[in-house]
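Data file: model_2.cif. Format and content: mmCIF, C-alpha atoms and all ligand atoms.
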data_entry
#
loop_
_atom_site.label_atom_id
_atom_site.label_comp_id
_atom_site.auth_asym_id
_atom_site.auth_seq_id
_atom_site.Cartn_x
_atom_site.Cartn_y
_atom_site.Cartn_z
CA MET A 1 85.59 -89.64 107.08
CA ALA A 2 87.12 -86.60 105.41
CA THR A 3 86.06 -85.51 101.94
CA PRO A 4 88.82 -83.40 100.34
CA ALA A 5 87.28 -80.68 98.22
CA ILE A 6 88.20 -77.55 96.29
CA LEU A 7 86.06 -74.45 95.96
CA VAL A 8 86.55 -72.22 92.92
CA ASN A 9 85.46 -68.60 93.30
CA VAL A 10 84.64 -67.96 89.65
CA ASN A 11 84.37 -64.23 90.25
CA ARG A 12 88.03 -64.09 91.33
CA CYS A 13 89.53 -66.30 88.61
CA THR A 14 91.53 -64.30 86.06
CA GLY A 15 92.27 -67.21 83.72
CA CYS A 16 96.03 -67.01 84.32
CA TRP A 17 96.63 -70.80 84.30
CA THR A 18 99.00 -70.60 87.28
CA CYS A 19 97.01 -73.42 88.94
CA SER A 20 97.61 -75.66 85.98
CA MET A 21 101.27 -74.74 85.59
CA SER A 22 102.08 -75.14 89.27
CA CYS A 23 100.50 -78.59 89.20
CA LYS A 24 102.43 -79.51 86.08
CA VAL A 25 105.77 -78.32 87.46
CA GLY A 26 105.18 -79.61 90.98
CA HIS A 27 104.22 -83.08 89.82
CA LYS A 28 106.70 -83.20 86.94
CA LEU A 29 103.92 -83.94 84.46
CA ASP A 30 104.57 -84.60 80.80
CA LEU A 31 104.25 -81.64 78.42
CA ASP A 32 100.81 -82.74 77.23
CA GLU A 33 99.55 -83.85 80.63
CA TYR A 34 97.26 -81.66 82.75
CA ARG A 35 95.41 -82.41 85.98
CA VAL A 36 93.58 -79.08 85.83
CA HIS A 37 92.98 -76.89 82.80
CA VAL A 38 91.26 -73.52 82.52
CA ASN A 39 88.18 -73.06 80.35
CA THR A 40 87.40 -69.67 78.86
CA ILE A 41 83.69 -68.88 78.94
CA GLY A 42 82.95 -66.26 76.31
CA SER A 43 82.47 -66.18 72.60
CA GLY A 44 84.48 -69.32 72.00
CA ASN A 45 86.74 -67.45 69.60
CA GLY A 46 89.80 -67.50 71.84
CA VAL A 47 90.97 -66.37 75.24
CA ASP A 48 90.89 -62.67 74.29
CA SER A 49 87.45 -62.64 72.68
CA PRO A 50 84.56 -61.93 75.04
CA GLY A 51 81.01 -62.95 74.30
CA GLY A 52 78.09 -60.56 73.79
CA THR A 53 77.92 -57.20 72.07
CA TRP A 54 79.54 -54.03 73.37
CA PRO A 55 78.82 -52.69 75.96
CA ASN A 56 77.14 -55.89 77.18
CA VAL A 57 80.16 -58.16 76.86
CA PHE A 58 81.15 -60.97 79.20
CA MET A 59 84.06 -63.30 79.83
CA LYS A 60 85.00 -65.60 82.66
CA TRP A 61 87.23 -68.54 83.33
CA GLU A 62 86.76 -71.86 85.11
CA PRO A 63 89.49 -74.27 86.15
CA VAL A 64 88.32 -77.81 85.38
CA TYR A 65 89.85 -80.67 87.35
CA GLY A 66 90.52 -84.01 85.72
CA LYS A 67 90.22 -87.46 87.26
CA SER A 68 94.01 -87.64 87.56
CA CYS A 69 93.92 -84.85 90.15
CA THR A 70 94.95 -86.33 93.49
CA MET A 71 94.06 -83.17 95.44
CA CYS A 72 97.76 -83.23 96.36
CA ALA A 73 97.26 -85.83 99.10
CA GLU A 74 101.02 -85.96 99.61
CA ARG A 75 100.93 -82.28 100.64
CA THR A 76 97.64 -82.07 102.49
CA VAL A 77 98.62 -84.97 104.77
CA ASP A 78 101.27 -82.59 106.11
CA GLY A 79 98.82 -79.71 106.45
CA LEU A 80 99.92 -77.98 103.24
CA GLU A 81 97.53 -76.69 100.60
CA PRO A 82 97.43 -78.31 97.16
CA MET A 83 99.90 -76.68 94.81
CA CYS A 84 97.21 -75.12 92.62
CA VAL A 85 95.47 -73.61 95.64
CA PHE A 86 98.68 -72.34 97.22
CA ASN A 87 99.91 -70.71 94.03
CA CYS A 88 96.70 -69.10 92.73
CA PRO A 89 97.60 -65.39 92.68
CA ALA A 90 93.95 -64.32 92.78
CA LYS A 91 93.12 -66.48 95.82
CA ALA A 92 90.30 -67.96 93.80
CA LEU A 93 90.75 -71.48 95.19
CA THR A 94 90.06 -72.87 98.65
CA TYR A 95 90.86 -76.40 99.80
CA GLY A 96 89.45 -78.28 102.76
CA ASP A 97 87.33 -81.07 104.18
CA ALA A 98 83.78 -80.78 102.91
CA ASP A 99 82.58 -82.86 105.88
CA ASP A 100 84.09 -80.51 108.48
CA PRO A 101 82.06 -77.34 109.04
CA ASN A 102 85.17 -75.67 110.47
CA SER A 103 87.43 -76.37 107.48
CA ALA A 104 88.64 -73.53 105.28
CA PHE A 105 86.53 -74.97 102.47
CA SER A 106 83.29 -75.09 104.46
CA LYS A 107 83.83 -71.66 105.97
CA ARG A 108 84.45 -70.11 102.57
CA VAL A 109 81.33 -71.78 101.15
CA GLU A 110 79.22 -70.28 103.92
CA GLU A 111 80.94 -66.89 103.61
CA LEU A 112 80.26 -66.69 99.89
CA LYS A 113 76.68 -67.94 100.21
CA ALA A 114 76.07 -65.17 102.73
CA LYS A 115 77.34 -62.70 100.12
CA GLY A 116 74.84 -63.95 97.57
CA PHE A 117 76.98 -66.44 95.69
CA GLY A 118 75.48 -69.60 94.29
CA VAL A 119 77.58 -72.71 95.02
CA SER A 120 77.27 -75.84 92.93
CA GLN A 121 79.07 -78.79 91.46
CA LYS A 122 79.20 -79.34 87.75
CA PRO A 123 78.11 -82.63 86.25
CA VAL A 124 81.00 -85.07 86.46
CA TRP A 125 81.62 -85.51 82.79
CA GLU A 126 83.94 -88.18 81.58
CA GLY A 127 87.42 -87.12 82.55
CA THR A 128 86.46 -84.68 85.30
CA ARG A 129 86.67 -85.32 89.00
CA ASP A 130 84.10 -84.84 91.75
CA ASN A 131 84.30 -82.74 94.92
CA VAL A 132 85.13 -79.55 93.02
CA TYR A 133 82.63 -76.77 93.70
CA TYR A 134 82.08 -73.48 91.90
CA ALA A 135 80.91 -70.30 93.59
CA GLU A 136 79.57 -67.50 91.46
CA ARG A 137 77.69 -64.30 92.14
CA VAL A 138 75.31 -63.84 89.28
CA THR A 139 74.01 -60.40 90.19
CA ALA A 140 76.24 -57.35 90.32
CA ILE A 141 76.64 -55.49 93.63
S1 LIG A 201 92.08 -70.48 89.55
FE1 LIG A 201 93.68 -68.97 90.11
S2 LIG A 201 95.57 -69.77 89.21
FE2 LIG A 201 93.86 -70.82 88.19
S3 LIG A 201 93.43 -69.60 86.36
FE3 LIG A 201 92.08 -68.87 87.97
S4 LIG A 201 93.19 -67.13 88.92
FE4 LIG A 201 94.69 -68.31 87.72
S1 LIG A 202 94.99 -80.43 93.65
FE1 LIG A 202 97.14 -80.99 93.23
S2 LIG A 202 96.97 -82.68 91.74
FE2 LIG A 202 95.00 -81.61 91.74
S3 LIG A 202 95.17 -80.08 90.12
FE3 LIG A 202 95.73 -79.07 92.05
S4 LIG A 202 97.97 -79.25 92.12
FE4 LIG A 202 97.25 -80.73 90.60
#
File written out as structure tokens:
Amino acid sequence: MATPAILVNVNRCTGCWTCSMSCKVGHKLDLDEYRVHVNTIGSGNGVDSPGGTWPNVFMKWEPVYGKSCTMCAERTVDGLEPMCVFNCPAKALTYGDADDPNSAFSKRVEELKAKGFGVSQKPVWEGTRDNVYYAERVTAI
């Protein structure tokens, strides 16, 4: 039994929202409807305001997938990537079968773990979907 999953490489995400917009356009969603949105992790004062105090400032972004996300089953059944994955300009997203060790998803998980990334799922809060994993390297190289 396949388990469709998406891996987010947090260290590659630039917070551009292309994932969200490509989903919205591709699925003809209403203006106020999103299947994935992008959280800014920083000071909380807006997308251009990092947290911390100079020179020790930080900012990162995390796409968060909602329960309405279908993982683009209508595309993946034909061997295509989900629209958000295909269109991410930073190649921060990887799709594949979490149960298949040879899938693009599983291979990328192992590749990033070998490079020192931690890989985890976030708690499935109300409104978020499961089988989305986040990879992040916490120590600088
Ligand atoms: S996951 Fe990719 S498309 Fe989405 S905000 Fe990050 S860099 Fe942009
Ligand atoms: S996997 Fe498909 S449905 Fe889910 S957020 Fe990405 S583009 Fe939208």
Inset, instruction - Can you pull out every residue within 8 Å of Ala90 in chain A, counting only C-alpha atoms, but drop anything in the same chain fewer than 4 positions away, and send it as a PyMOL selection string? - result: chain A and resi 12-14
Inset, instruction - Go through A:Gly116, A:Gly66, A:Pro4, A:Gly15 and flag the residue nearest Tyr95 in chain A, using only C-alpha atoms for the distances. - result: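 Residue with the minimum atom-to-atom distance to Tyr95 in chain A: A:Pro4.
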Legend entry - Distance of atom S4 of ligand LIG 202 (chain A) from CA of Gly118 in chain A, expressed in Å to one decimal place: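 One can read the CA of Gly118 in chain A to atom S4 of ligand LIG 202 (chain A) distance as 24.6 Å.
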Inset, instruction - Just the residues within 7 Å of Asn131 in chain A, please, counting only C-alpha atoms, with nothing from its chain fewer than 2 positions along; format it as number ranges by chain. - result: A: 5-6, 129, 133
Inset, instruction - Pick out the residues no farther than 10 Å from ligand LIG 201 (chain A), counting all atoms listed in the file, and list them as a PyMOL selection string. - result: chain A and resi 7-22+36-40+60-64+83-94
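Going from CA of Ala73 in chain A over to CA of Thr3 in chain A, you cover 11.6 Å.
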For the interface of chain A with ligand LIG 202 (chain A) (cut-off 6 Å, counting only C-alpha atoms and all ligand atoms), please tabulate each contacting residue of chain A alongside its nearest pair of atoms and their separation in Å to one decimal, rows sorted by chain and increasing number, as CSV.
residue,atom,partner,partner_atom,distance
A:Cys23,CA,A:LIG202,S4,3.9
A:Arg35,CA,A:LIG202,S3,4.8
A:Val36,CA,A:LIG202,S3,4.7
A:Cys69,CA,A:LIG202,FE2,3.8
A:Thr70,CA,A:LIG202,S2,4.5
A:Met71,CA,A:LIG202,S1,3.4
A:Cys72,CA,A:LIG202,FE1,3.9
A:Pro82,CA,A:LIG202,FE1,4.8
A:Met83,CA,A:LIG202,S4,4.2
A:Cys84,CA,A:LIG202,S4,4.2
Legend entry - Gap from CA of Ser120 in chain A to CA of Tyr134 in chain A - Å, one decimal: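 CA of Tyr134 in chain A lies 5.5 Å from CA of Ser120 in chain A.
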Taking (79.4, -63.0, 84.0) in the file's coordinates as the center, which residues reach within 9 Å of it, counting all atoms listed in the file, put as a CSV table (one decimal) with C-alpha atoms, in the coordinates of the input?
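Printed below is point.csv as written:
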chain,number,residue,atom,x,y,z
A,11,ASN,CA,84.4,-64.2,90.2
A,41,ILE,CA,83.7,-68.9,78.9
A,57,VAL,CA,80.2,-58.2,76.9
A,58,PHE,CA,81.2,-61.0,79.2
A,59,MET,CA,84.1,-63.3,79.8
A,60,LYS,CA,85.0,-65.6,82.7
A,136,GLU,CA,79.6,-67.5,91.5
A,137,ARG,CA,77.7,-64.3,92.1
A,138,VAL,CA,75.3,-63.8,89.3
A,139,THR,CA,74.0,-60.4,90.2
Inset, instruction - Please identify all polymer residues within 10 Å of Asp100 in chain A, counting only C-alpha atoms, omitting same-chain residues fewer than 5 positions from it, and present them as a ChimeraX atom specification. - result: /A:1-4,105-107
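Of the residues under consideration (A:His27, A:Tyr34, A:Tyr65, A:Leu80), A:Tyr65 shows the shortest atom-to-atom contact distance to Pro123 in chain A when counting only C-alpha atoms.
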